[in-house]
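Visitor: Data file data_26.cif (mmCIF, C-alpha atoms) is appended below.
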```
data_model
loop_
_atom_site.label_atom_id
_atom_site.label_comp_id
_atom_site.auth_asym_id
_atom_site.auth_seq_id
_atom_site.Cartn_x
_atom_site.Cartn_y
_atom_site.Cartn_z
CA VAL Q 119 -10.53 -33.57 18.94
CA MET Q 120 -12.50 -34.80 15.94
CA HIS Q 121 -10.64 -38.04 15.56
CA GLY Q 122 -12.29 -39.43 18.71
CA ARG Q 123 -15.71 -39.02 17.15
CA PHE Q 124 -14.74 -41.01 14.07
CA ALA Q 125 -12.92 -43.76 15.94
CA GLY Q 126 -13.47 -47.23 14.53
CA LYS Q 127 -14.94 -46.00 11.25
CA GLY Q 128 -11.95 -46.65 9.05
CA ILE Q 129 -10.51 -43.16 9.19
CA GLU Q 130 -6.95 -42.44 10.18
CA PHE Q 131 -5.97 -38.99 11.47
CA VAL Q 132 -2.39 -37.80 11.16
CA VAL Q 133 -0.88 -34.50 12.18
CA ILE Q 134 2.29 -33.40 10.45
CA ASP Q 135 4.41 -30.87 12.27
CA ALA Q 136 5.65 -28.52 9.57
CA SER Q 137 7.33 -26.10 11.97
CA ASN Q 138 10.41 -27.91 13.27
CA ARG Q 139 9.28 -26.97 16.78
CA LYS Q 140 8.54 -30.39 18.11
CA GLU Q 141 8.64 -29.45 21.81
CA LYS Q 142 5.82 -26.96 21.31
CA THR Q 143 3.93 -29.41 19.10
CA GLN Q 144 4.36 -32.12 21.73
CA GLU Q 145 2.93 -29.77 24.36
CA ILE Q 146 -0.16 -28.94 22.29
CA VAL Q 147 -0.84 -32.49 21.16
CA SER Q 148 -0.45 -33.97 24.64
CA GLU Q 149 -2.92 -31.37 25.93
CA GLN Q 150 -5.51 -31.85 23.21
CA SER Q 151 -5.20 -35.27 21.59
CA PRO Q 152 -2.51 -37.43 23.18
CA SER Q 153 -3.38 -40.50 21.10
CA LEU Q 154 -2.90 -38.76 17.75
CA THR Q 155 -0.10 -39.77 15.39
CA VAL Q 156 2.26 -36.84 14.93
CA ALA Q 157 4.85 -37.04 12.16
CA LEU Q 158 7.74 -34.60 11.88
CA ASP Q 159 8.40 -33.12 8.45
CA GLU Q 160 11.85 -31.85 9.42
CA GLU Q 161 13.21 -31.59 5.89
CA GLY Q 162 9.94 -30.29 4.43
CA ALA Q 163 9.75 -33.30 2.10
CA ALA Q 164 6.02 -34.00 2.52
CA TRP Q 165 5.34 -30.27 2.41
CA ASP Q 166 7.12 -29.95 -0.93
CA ASN Q 167 5.46 -33.07 -2.32
CA TYR Q 168 2.03 -31.62 -1.68
CA LYS Q 169 3.02 -28.15 -2.95
CA LEU Q 170 1.69 -26.44 0.16
CA TYR Q 171 2.07 -22.78 0.99
CA ALA Q 172 0.45 -22.25 4.40
CA THR Q 173 -0.48 -23.98 7.65
CA PRO Q 174 -2.83 -25.33 8.66
CA THR Q 175 -3.65 -27.29 5.53
CA THR Q 176 -6.02 -30.21 5.83
CA LEU Q 177 -6.23 -33.00 3.27
CA ILE Q 178 -8.66 -35.87 3.05
CA VAL Q 179 -7.39 -38.82 1.06
CA ASP Q 180 -9.92 -41.52 0.13
CA GLN Q 181 -9.32 -45.28 0.12
CA ALA Q 182 -8.33 -45.12 -3.54
CA GLY Q 183 -5.52 -42.71 -2.66
CA ARG Q 184 -7.13 -39.61 -4.19
CA ILE Q 185 -7.06 -36.20 -2.53
CA ILE Q 186 -10.78 -35.60 -2.21
CA PHE Q 187 -10.56 -32.47 -0.14
CA LYS Q 188 -7.98 -29.79 0.58
CA HIS Q 189 -8.49 -26.77 2.76
CA VAL Q 190 -6.07 -24.04 3.81
CA GLY Q 191 -6.72 -22.23 7.09
CA TYR Q 192 -8.92 -22.85 10.06
CA GLY Q 193 -12.06 -20.94 10.81
CA PRO Q 194 -15.33 -21.32 12.63
CA GLY Q 195 -17.40 -24.12 11.18
CA MET Q 196 -14.35 -25.98 9.87
CA GLU Q 197 -14.84 -28.95 12.17
CA LYS Q 198 -18.50 -29.29 11.30
CA MET Q 199 -17.64 -29.09 7.66
CA MET Q 200 -14.98 -31.79 7.94
CA GLU Q 201 -17.51 -34.02 9.66
CA LYS Q 202 -19.87 -33.54 6.72
CA GLU Q 203 -17.09 -34.32 4.28
CA LEU Q 204 -16.16 -37.51 6.11
CA ALA Q 205 -19.79 -38.57 6.49
CA LEU Q 206 -20.30 -37.98 2.76
CA LEU Q 207 -17.22 -39.99 1.91
CA LEU Q 208 -18.27 -42.87 4.16
CA ARG Q 209 -21.77 -42.78 2.66
CA ARG Q 210 -20.49 -42.69 -0.92
CA ARG Q 211 -18.26 -45.66 -0.20
CA THR Q 212 -21.21 -47.78 0.80
CA THR Q 213 -23.45 -46.77 -2.12
CA VAL C 114 62.90 -14.04 -22.71
CA LYS C 115 60.58 -15.71 -25.22
CA SER C 116 60.15 -18.85 -23.13
CA GLY C 117 59.60 -16.68 -20.01
CA LEU C 118 56.80 -14.91 -21.86
CA TRP C 119 55.19 -18.22 -22.81
CA ILE C 120 55.34 -19.39 -19.21
CA LEU C 121 53.71 -16.14 -18.10
CA ILE C 122 50.91 -16.55 -20.69
CA LEU C 123 50.43 -20.17 -19.63
CA VAL C 124 50.20 -19.18 -15.97
CA LEU C 125 47.65 -16.48 -16.83
CA VAL C 126 45.53 -18.89 -18.90
CA VAL C 127 45.55 -21.48 -16.11
CA ALA C 128 44.68 -18.81 -13.52
CA VAL C 129 41.71 -17.59 -15.59
CA GLY C 130 40.58 -21.20 -16.14
CA VAL C 131 40.74 -22.01 -12.44
CA GLY C 132 38.87 -18.77 -11.70
CA ILE C 133 36.09 -19.66 -14.12
CA TRP C 134 35.87 -23.15 -12.63
CA LEU C 135 35.86 -21.90 -9.04
CA LYS C 136 33.39 -19.00 -9.30
CA PRO C 137 30.09 -20.94 -9.49
CA ARG C 138 31.32 -23.30 -6.79
CA LEU C 139 32.21 -20.45 -4.47
CA THR C 140 28.86 -18.75 -5.20
CA GLN C 141 27.05 -22.03 -4.45
CA MET C 142 29.03 -22.41 -1.26
CA SER C 143 28.10 -18.93 -0.13
CA ALA C 144 24.41 -19.55 -0.97
CA ASP C 145 24.53 -22.78 1.06
CA GLU C 146 26.23 -20.95 3.88
CA GLU C 147 23.56 -18.24 3.82
CA ALA C 148 20.76 -20.83 3.91
CA ARG C 149 22.50 -22.59 6.79
CA GLN C 150 22.85 -19.34 8.73
CA ALA C 151 19.18 -18.46 8.11
CA ASP C 152 18.13 -21.90 9.43
CA SER C 153 20.25 -21.52 12.53
CA LEU C 154 18.88 -18.00 13.18
CA ALA C 155 15.32 -19.31 12.83
CA ALA C 156 16.13 -22.09 15.29
CA GLU C 157 17.62 -19.54 17.70
CA LEU C 158 14.48 -17.41 17.49
CA GLY C 159 12.33 -20.50 17.96
CA ARG C 160 14.19 -21.31 21.19
CA ILE C 161 13.70 -17.75 22.46
CA GLN C 162 9.98 -17.91 21.67
CA ASP C 163 9.66 -21.01 23.82
CA ILE C 164 11.12 -19.32 26.93
CA GLU C 165 8.51 -19.34 29.69
CA ASP C 166 9.47 -16.20 31.62
CA SER C 167 8.06 -13.13 29.83
CA GLU C 168 10.68 -10.56 30.84
CA SER C 169 13.55 -12.81 29.96
CA LYS C 170 11.88 -13.70 26.65
CA ILE C 171 11.34 -10.01 25.82
CA SER C 172 14.91 -8.99 26.62
CA LYS C 173 16.29 -11.90 24.56
CA LEU C 174 14.02 -10.94 21.66
CA GLU C 175 15.20 -7.33 21.89
CA ALA C 176 18.79 -8.52 21.87
CA PHE C 177 17.99 -10.69 18.82
CA VAL C 178 16.60 -7.66 16.94
CA ALA C 179 19.64 -5.56 17.85
CA ALA C 180 22.09 -8.30 16.84
CA HIS C 181 20.46 -9.04 13.46
CA PRO C 182 19.30 -5.73 12.00
CA GLU C 183 19.33 -7.11 8.44
CA SER C 184 17.53 -10.38 9.17
CA ASP C 185 14.11 -11.19 7.69
CA LEU C 186 13.26 -12.67 11.09
CA LYS C 187 13.29 -9.27 12.77
CA ALA C 188 9.56 -8.73 12.16
CA ARG C 189 8.80 -12.08 13.79
CA ALA C 190 10.84 -11.08 16.82
CA TYR C 191 8.97 -7.76 17.10
CA TYR C 192 5.69 -9.63 16.80
CA ASN C 193 6.61 -11.87 19.70
CA ILE C 194 7.71 -8.94 21.87
CA GLY C 195 4.43 -7.11 21.23
CA ARG C 196 2.32 -10.20 21.76
CA GLU C 197 4.06 -10.98 25.02
CA ILE C 198 3.48 -7.44 26.36
CA LEU C 199 -0.12 -7.31 25.18
CA TYR C 200 -1.45 -10.76 25.90
CA THR C 201 0.78 -12.39 28.49
CA LEU C 202 1.77 -9.40 30.62
CA GLU C 203 -1.39 -7.47 29.66
CA GLU C 204 0.33 -4.09 29.86
CA PRO C 205 -1.29 -1.89 27.18
CA ASP C 206 0.61 1.31 28.14
CA ARG C 207 3.92 -0.50 27.86
CA PHE C 208 2.82 -1.83 24.47
CA ASP C 209 1.89 1.68 23.26
CA ASP C 210 5.34 2.86 24.25
CA PHE C 211 7.01 -0.11 22.52
CA ALA C 212 4.92 0.46 19.35
CA ARG C 213 5.66 4.21 19.25
CA ARG C 214 9.40 3.69 19.71
CA THR C 215 9.56 0.94 17.11
CA LEU C 216 7.58 2.87 14.48
CA ALA C 217 9.80 5.91 15.00
CA SER C 218 13.12 4.11 14.79
CA GLU C 219 12.61 1.03 12.62
CA PRO C 220 13.07 1.47 8.85
CA ASP C 221 12.08 -2.09 7.95
CA ALA C 222 8.61 -2.19 6.31
CA GLU C 223 7.72 -5.71 7.50
CA SER C 224 8.56 -4.82 11.09
CA LYS C 225 6.47 -1.64 10.94
CA ALA C 226 3.62 -3.61 9.40
CA ILE C 227 3.74 -6.10 12.27
CA ILE C 228 3.51 -3.25 14.79
CA TYR C 229 0.46 -1.82 12.98
CA TYR C 230 -1.04 -5.28 12.96
CA LEU C 231 -0.66 -5.64 16.74
CA MET C 232 -1.90 -2.07 17.32
CA TYR C 233 -4.96 -2.75 15.18
CA ARG C 234 -5.66 -6.05 16.92
CA ALA C 235 -5.37 -4.46 20.33
CA ALA C 236 -7.61 -1.52 19.43
CA GLY C 237 -9.86 -2.76 16.67
CA ASP C 238 -11.12 -5.96 18.29
CA SER C 239 -13.14 -4.06 20.85
CA ASP C 240 -13.51 -0.60 19.33
CA THR C 241 -13.97 -0.12 15.57
CA GLY C 242 -13.42 3.64 15.89
CA LYS C 243 -9.99 3.12 17.46
CA GLY C 244 -9.20 0.47 14.87
CA ALA C 245 -10.10 2.91 12.09
CA GLU C 246 -7.77 5.45 13.67
CA ILE C 247 -4.92 2.95 13.33
CA GLY C 248 -5.97 2.45 9.70
CA ARG C 249 -5.75 6.21 9.08
CA ARG C 250 -2.31 6.38 10.67
CA LEU C 251 -1.17 3.53 8.46
CA LEU C 252 -2.47 5.31 5.34
CA ALA C 253 -0.55 8.45 6.29
CA ASP C 254 2.61 6.41 6.94
CA ASP C 255 4.43 4.88 3.99
CA VAL C 256 4.84 1.22 4.84
CA SER C 257 5.52 -0.79 1.71
CA ALA C 258 3.95 -4.01 2.97
CA ALA C 259 0.71 -4.70 1.12
CA TRP C 260 -0.64 -7.26 3.57
CA ILE C 261 -1.19 -4.84 6.45
CA TYR C 262 -3.31 -2.47 4.32
CA ASN C 263 -5.22 -5.51 3.13
CA HIS C 264 -5.68 -6.87 6.64
CA ILE C 265 -7.17 -3.70 8.12
CA GLY C 266 -9.12 -2.80 4.97
CA TYR C 267 -10.74 -6.23 4.76
CA ASP C 268 -11.52 -6.36 8.46
CA LEU C 269 -13.30 -2.99 8.34
CA ALA C 270 -15.20 -4.05 5.21
CA GLU C 271 -16.24 -7.34 6.78
CA LYS C 272 -17.55 -5.43 9.79
CA GLY C 273 -19.35 -3.07 7.40
CA GLU C 274 -17.72 -0.05 9.07
CA GLU C 275 -15.72 2.89 7.68
CA LEU C 276 -16.14 1.59 4.14
CA ASP C 277 -14.46 4.57 2.45
CA LEU C 278 -11.39 4.10 4.62
CA ALA C 279 -11.54 0.34 3.97
CA LEU C 280 -11.54 1.03 0.23
CA SER C 281 -8.56 3.40 0.47
CA LEU C 282 -6.62 0.78 2.42
CA CYS C 283 -7.56 -1.95 -0.06
CA ASN C 284 -6.53 0.28 -2.97
CA LYS C 285 -3.14 0.72 -1.38
CA ALA C 286 -2.80 -3.04 -0.86
CA VAL C 287 -3.66 -3.78 -4.49
CA GLU C 288 -1.19 -1.12 -5.62
CA PHE C 289 1.67 -2.50 -3.47
CA ALA C 290 0.93 -6.13 -4.30
CA GLU C 291 0.60 -5.78 -8.06
CA GLY C 292 2.26 -8.71 -9.76
CA SER C 293 2.98 -10.57 -6.51
CA ARG C 294 1.39 -13.86 -5.45
CA ASP C 295 -0.77 -11.96 -2.95
CA SER C 296 -2.46 -9.91 -5.67
CA ALA C 297 -5.44 -12.27 -5.82
CA SER C 298 -6.27 -12.06 -2.13
CA HIS C 299 -5.91 -8.26 -2.17
CA LEU C 300 -8.21 -7.98 -5.18
CA ASP C 301 -10.64 -10.22 -3.30
CA SER C 302 -10.59 -7.83 -0.31
CA ARG C 303 -11.19 -4.82 -2.52
CA GLY C 304 -13.94 -6.62 -4.40
CA TRP C 305 -15.61 -7.51 -1.12
CA THR C 306 -15.32 -3.89 0.03
CA TYR C 307 -17.02 -2.75 -3.20
CA TYR C 308 -19.72 -5.33 -2.52
CA LYS C 309 -20.26 -3.97 0.99
CA LYS C 310 -20.50 -0.47 -0.48
CA GLY C 311 -23.16 -1.66 -2.94
CA MET C 312 -20.87 -1.14 -5.96
CA TYR C 313 -21.65 -4.53 -7.52
CA PRO C 314 -20.14 -4.22 -11.05
CA GLU C 315 -16.81 -3.09 -9.54
CA ALA C 316 -17.07 -5.97 -7.05
CA VAL C 317 -17.62 -8.53 -9.83
CA ALA C 318 -14.68 -7.13 -11.84
CA ASP C 319 -12.22 -7.37 -8.93
CA LEU C 320 -13.46 -10.76 -7.76
CA GLU C 321 -13.30 -12.23 -11.26
CA ALA C 322 -9.76 -10.90 -11.60
CA ALA C 323 -8.90 -12.50 -8.24
CA VAL C 324 -10.29 -15.89 -9.34
CA ALA C 325 -8.41 -15.66 -12.65
CA LEU C 326 -5.13 -15.01 -10.82
CA GLN C 327 -5.49 -17.97 -8.49
CA GLY C 328 -3.88 -21.22 -9.51
CA GLU C 329 -6.08 -23.13 -7.10
CA PRO C 330 -9.51 -21.58 -6.56
CA ASP C 331 -10.28 -20.43 -3.04
CA GLU C 332 -13.79 -21.08 -1.72
CA GLU C 333 -13.98 -17.73 0.03
CA VAL C 334 -13.19 -15.74 -3.13
CA LEU C 335 -15.72 -17.82 -5.07
CA GLU C 336 -18.29 -17.18 -2.34
CA HIS C 337 -17.74 -13.44 -2.59
CA LEU C 338 -18.01 -13.64 -6.38
CA ALA C 339 -21.25 -15.64 -6.17
CA TYR C 340 -22.82 -13.02 -3.87
CA ALA C 341 -21.67 -10.17 -6.13
CA LEU C 342 -23.06 -11.96 -9.22
CA LEU C 343 -26.41 -12.49 -7.49
CA LYS C 344 -26.59 -8.80 -6.58
CA SER C 345 -25.67 -7.73 -10.08
CA GLY C 346 -28.49 -9.74 -11.63
CA GLN C 347 -26.50 -12.74 -12.89
CA PRO C 348 -28.11 -15.69 -11.04
CA ASP C 349 -27.01 -18.33 -13.58
CA ARG C 350 -23.37 -17.37 -13.26
CA ALA C 351 -23.78 -17.24 -9.48
CA PHE C 352 -25.24 -20.77 -9.62
CA ASP C 353 -22.21 -22.06 -11.56
CA THR C 354 -19.84 -20.36 -9.14
CA LEU C 355 -21.57 -21.95 -6.14
CA ARG C 356 -21.47 -25.31 -7.90
CA ASN C 357 -17.71 -24.88 -8.30
CA ILE C 358 -17.46 -24.36 -4.54
CA LEU C 359 -19.30 -27.63 -3.85
CA ILE C 360 -16.87 -29.42 -6.15
CA MET C 361 -14.19 -28.31 -3.69
CA GLY C 362 -16.09 -29.48 -0.61
CA GLU C 363 -19.27 -29.46 1.45
CA TYR C 364 -19.19 -25.75 2.24
CA ASP C 365 -22.33 -24.77 4.13
CA PHE C 366 -22.98 -21.38 2.55
CA ALA C 367 -22.70 -22.79 -1.00
CA ARG C 368 -24.93 -25.70 -0.11
CA SER C 369 -27.71 -23.60 1.41
CA LYS C 370 -27.57 -20.93 -1.29
CA LEU C 371 -27.67 -23.58 -4.03
CA ASP C 372 -30.58 -25.35 -2.34
CA SER C 373 -32.59 -22.15 -2.38
CA LEU C 374 -31.59 -21.35 -5.98
CA MET C 375 -32.65 -24.85 -7.06
CA GLN C 376 -35.96 -24.31 -5.32
CA VAL C 377 -36.44 -21.01 -7.16
CA LYS C 378 -35.60 -22.72 -10.44
CA GLY C 379 -38.17 -25.41 -9.61
CA TYR C 380 -35.75 -28.38 -9.68
CA THR C 381 -37.50 -31.76 -9.44
CA ARG C 382 -36.21 -34.46 -7.09
CA GLU C 383 -34.57 -36.25 -10.05
CA GLN C 384 -32.88 -33.07 -11.18
CA VAL C 385 -31.51 -32.50 -7.68
CA GLU C 386 -30.19 -36.08 -7.59
CA MET C 387 -28.58 -35.68 -11.01
CA PHE C 388 -27.03 -32.45 -9.86
CA GLU C 389 -25.59 -34.19 -6.77
CA SER C 390 -24.15 -37.08 -8.80
CA SER C 391 -22.61 -34.69 -11.30
CA ILE C 392 -20.89 -32.82 -8.48
CA TRP C 393 -19.54 -36.02 -6.95
CA GLN C 394 -18.39 -37.26 -10.37
CA GLU C 395 -16.56 -34.02 -11.00
CA ARG C 396 -14.91 -34.18 -7.58
CA MET C 397 -13.63 -37.66 -8.39
CA ASP C 398 -12.41 -36.57 -11.83
CA ARG C 399 -10.54 -33.61 -10.42
CA ALA C 400 -9.03 -35.37 -7.39
CA GLU C 401 -5.27 -35.72 -7.68
CA PRO C 402 -3.42 -38.82 -6.48
CA ALA C 403 -1.90 -38.47 -3.01
CA VAL C 404 1.87 -38.82 -2.76
CA ALA C 405 3.44 -41.42 -0.45
CA PHE C 406 5.78 -40.30 2.31
CA ALA C 407 7.54 -41.68 5.36
CA LEU C 408 8.46 -39.49 8.32
CA PRO C 409 9.73 -39.89 11.88
CA THR C 410 7.09 -39.51 14.58
CA LEU C 411 7.11 -37.47 17.76
CA GLU C 412 7.39 -40.68 19.80
CA GLY C 413 10.52 -41.72 17.92
CA GLY C 414 8.82 -44.19 15.59
CA ARG C 415 8.11 -43.92 11.91
CA TYR C 416 4.91 -43.05 10.07
CA GLU C 417 4.48 -44.36 6.56
CA PHE C 418 1.75 -43.11 4.31
CA ALA C 419 1.43 -45.37 1.28
CA PRO C 420 -1.75 -44.62 -0.65
CA PRO C 421 -4.01 -46.28 -1.61
CA ALA C 422 -4.64 -47.39 1.98
CA ASP C 423 -7.67 -49.34 3.20
CA GLU C 424 -8.70 -46.35 5.22
CA ILE C 425 -9.66 -42.76 4.62
CA THR C 426 -6.76 -40.61 5.81
CA VAL C 427 -7.08 -37.10 7.21
CA ILE C 428 -3.74 -35.32 7.11
CA ASN C 429 -3.29 -32.04 8.89
CA PHE C 430 -0.14 -30.00 8.24
CA PHE C 431 0.23 -27.86 11.28
CA SER C 432 2.58 -25.45 12.99
CA PRO C 433 2.13 -24.21 16.55
CA THR C 434 1.65 -20.46 16.95
#
```
Represent the structure contained in this file as structure tokens.
Guide:
Amino acid sequence: VMHGRFAGKGIEFVVIDASNRKEKTQEIVSEQSPSLTVALDEEGAAWDNYKLYATPTTLIVDQAGRIIFKHVGYGPGMEKMMEKELALLLRRRTT
Amino acid sequence: VKSGLWILILVLVVAVGVGIWLKPRLTQMSADEEARQADSLAAELGRIQDIEDSESKISKLEAFVAAHPESDLKARAYYNIGREILYTLEEPDRFDDFARRTLASEPDAESKAIIYYLMYRAAGDSDTGKGAEIGRRLLADDVSAAWIYNHIGYDLAEKGEELDLALSLCNKAVEFAEGSRDSASHLDSRGWTYYKKGMYPEAVADLEAAVALQGEPDEEVLEHLAYALLKSGQPDRAFDTLRNILIMGEYDFARSKLDSLMQVKGYTREQVEMFESSIWQERMDRAEPAVAFALPTLEGGRYEFAPPADEITVINFFSPT
């Protein structure tokens, strides 16, 4: 949902299905955000690379390729917080 | 006779040699076979979970449980049966019957824990008293799955209800989880329960132990620790803990608490700005490089992530429930 609000601001949103249940993922994504890029981590390669242990895990990677933010879980206030993070990152880039 | 004996010895030596050579290969093969079987069972369960019709899904899940009594996936199957009865069919009496039968007949701790979890969710969401009753039943039962004691204990503590029961449940969770990777989160729950009970030194001890056990700090544990430090008269240590949270991200509670602490300390505008830059600098210093990957997409294309990109990238690893 959030990616619409940041459209055109130089932020790419990617969802990685870490469940190997692509039909279910397809169903959810087409209901909520049909334009979102959804990649399938069928072999768990990306998962292993990032040493993850739970879903959902959200990462923000800046333009220099650094992981600026990592959060495990989803709770109330998460979206607002992500917006602040992205706004901060966009602001820091321009200063 | 002599040459026959030599041939026999030679045959024996070769047989032992072949045995030694084969054993690790056969063991590896059987480990691979086990992993393959586990994957195919998980896929089978996934297909059953996606069945639309509730009754047919439930009967297939029951058949799955009966056919794979030793499988680790049994608890997941029970969870899906219970969830279907409770939330899709909305038949609480049928669920009670299912829960009672399963608890009476099922020896597997994880499966029992899942049933308690569903029972607590069904009762405790609307009625704390009923939820506490489930907690008491769990305490009396001997289910060696730490997470369920932790779940109910923490939930009661967070609601500020039945704190003695919450503490007993958390104690049990800590005891069961000792030495496991979940120890930190169970110590966090118990620390938070102590905090809710006004036992601040005990809270600080548990929460500090939880932080020390965590490879990657967790903002929620640090938040609990900061509150416990404030209550136990250690504002400077609380300040540092909150600062560590902001290094992880723009977490609201840390931000607002730090703002008020800075006000109390009489920070000037310059000091606040210096503080902000130091946080940002530390975030940059700590940030690890992102790893490139390329994966197929849902639409049949390919997504390549090759940092550094020109854009900021938000990556969400997700699995549907």
Visitor: With distances taken over all atoms listed in the file, which of C:Ser143, C:Leu231, C:Asp423, C:Ala286 is nearest to Lys127 (chain Q)?
Guide: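 Closest candidate: C:Asp423.
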Visitor: Using only C-alpha atoms, find the residues of chain C whose closest atom to chain Q is at most 6 Å away, then write them as a list of chain:residue names.
Guide: C:Ala400, C:Glu401, C:Pro402, C:Ala403, C:Leu408, C:Pro409, C:Thr410, C:Leu411, C:Pro420, C:Pro421, C:Ala422, C:Asp423, C:Glu424, C:Ile425, C:Thr426, C:Val427, C:Ile428, C:Asn429, C:Phe430, C:Phe431, C:Ser432
Visitor: Find the distance between CA of Ser293 (chain C) and CA of Ala322 (chain C) and write it in Å to one decimal.
Guide: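 For CA of Ser293 (chain C) relative to CA of Ala322 (chain C), the distance reads 13.7 Å.
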Visitor: Go through Q:Ala125, Q:Asp166, Q:Tyr171, Q:Pro194 and flag the residue nearest Ser153 (chain Q), using all atoms listed in the file for the distances.
Guide: Q:Ala125
Visitor: Please expand the PyMOL selection byres ((chain C and resi 347-361) around 8) into the concrete residues it hits in this file, giving the result as a ChimeraX atom specification.
Guide: /Q:187-188 /C:332,335-336,338-340,342-346,362-364,367-368,370-371,374,392-393,395-396
Visitor: Hey, can you check how far CA of Tyr308 (chain C) sits from CA of Val334 (chain C)?
Guide: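 Going from CA of Tyr308 (chain C) over to CA of Val334 (chain C), I get 12.3 Å.
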Visitor: What is the distance between CA of Gln150 (chain Q) and CA of Glu412 (chain C), in Å to one decimal?
Guide: 16.0 Å
Visitor: Please return, as a list in words, all polymer residues that have at least one atom within 10 Å of the point (6.3, -10.5, 14.7); use all atoms listed in the file and the file's own coordinate frame.
Guide: Leu186, Lys187, Ala188, Arg189, Ala190, Tyr191, Tyr192, Asn193, Ile194, Gly195, Arg196, Glu223, Ser224, Lys225, Ala226, Ile227, Ile228, Tyr230 and Leu231 of chain C
Visitor: Could you turn the residues from that selection into a file that holds C-alpha atoms, as a compact mmCIF listing (two decimals), keeping the file's coordinate frame?
Guide:
```txt
# COMPACT_ATOMS: atom_id res chain seq x y z
CA LEU C 186 13.26 -12.67 11.09
CA LYS C 187 13.29 -9.27 12.77
CA ALA C 188 9.56 -8.73 12.16
CA ARG C 189 8.80 -12.08 13.79
CA ALA C 190 10.84 -11.08 16.82
CA TYR C 191 8.97 -7.76 17.10
CA TYR C 192 5.69 -9.63 16.80
CA ASN C 193 6.61 -11.87 19.70
CA ILE C 194 7.71 -8.94 21.87
CA GLY C 195 4.43 -7.11 21.23
CA ARG C 196 2.32 -10.20 21.76
CA GLU C 223 7.72 -5.71 7.50
CA SER C 224 8.56 -4.82 11.09
CA LYS C 225 6.47 -1.64 10.94
CA ALA C 226 3.62 -3.61 9.40
CA ILE C 227 3.74 -6.10 12.27
CA ILE C 228 3.51 -3.25 14.79
CA TYR C 230 -1.04 -5.28 12.96
CA LEU C 231 -0.66 -5.64 16.74
```
Visitor: Using the chain letters and numbering of this document, enumerate as JSON, numbers by chain the residues selected by the PyMOL selection byres ((chain C and resi 245) around 12).
Guide: {"C": [229, 232, 233, 234, 236, 237, 238, 239, 240, 241, 242, 243, 244, 246, 247, 248, 249, 250, 251, 252, 262, 265, 266, 267, 268, 269, 270, 272, 273, 274, 275, 276, 277, 278, 279, 281, 282]}
Visitor: Name all residues at most 8 Å from Phe208 (chain C) (count all atoms listed in the file; drop same-chain ones fewer than 3 positions away) and give them as a list in words.
Guide: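 That gives Gly195, Ile198, Leu199, Glu204, Pro205, Phe211 and Ala212 of chain C.
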Visitor: Go through C:Leu216, C:Val324, C:Ala259, C:Leu121 and flag the residue nearest Asp295 (chain C), using all atoms listed in the file for the distances.
Guide: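 Residue with the minimum atom-to-atom distance to Asp295 (chain C): C:Ala259.
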Visitor: Nearest to Ser167 (chain C) among C:Tyr307, C:Phe406, C:Tyr200, C:Phe388, with distances taken over only C-alpha atoms: which residue is it?
Guide: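 Of the candidates, the smallest distance to Ser167 (chain C) is held by C:Tyr200.
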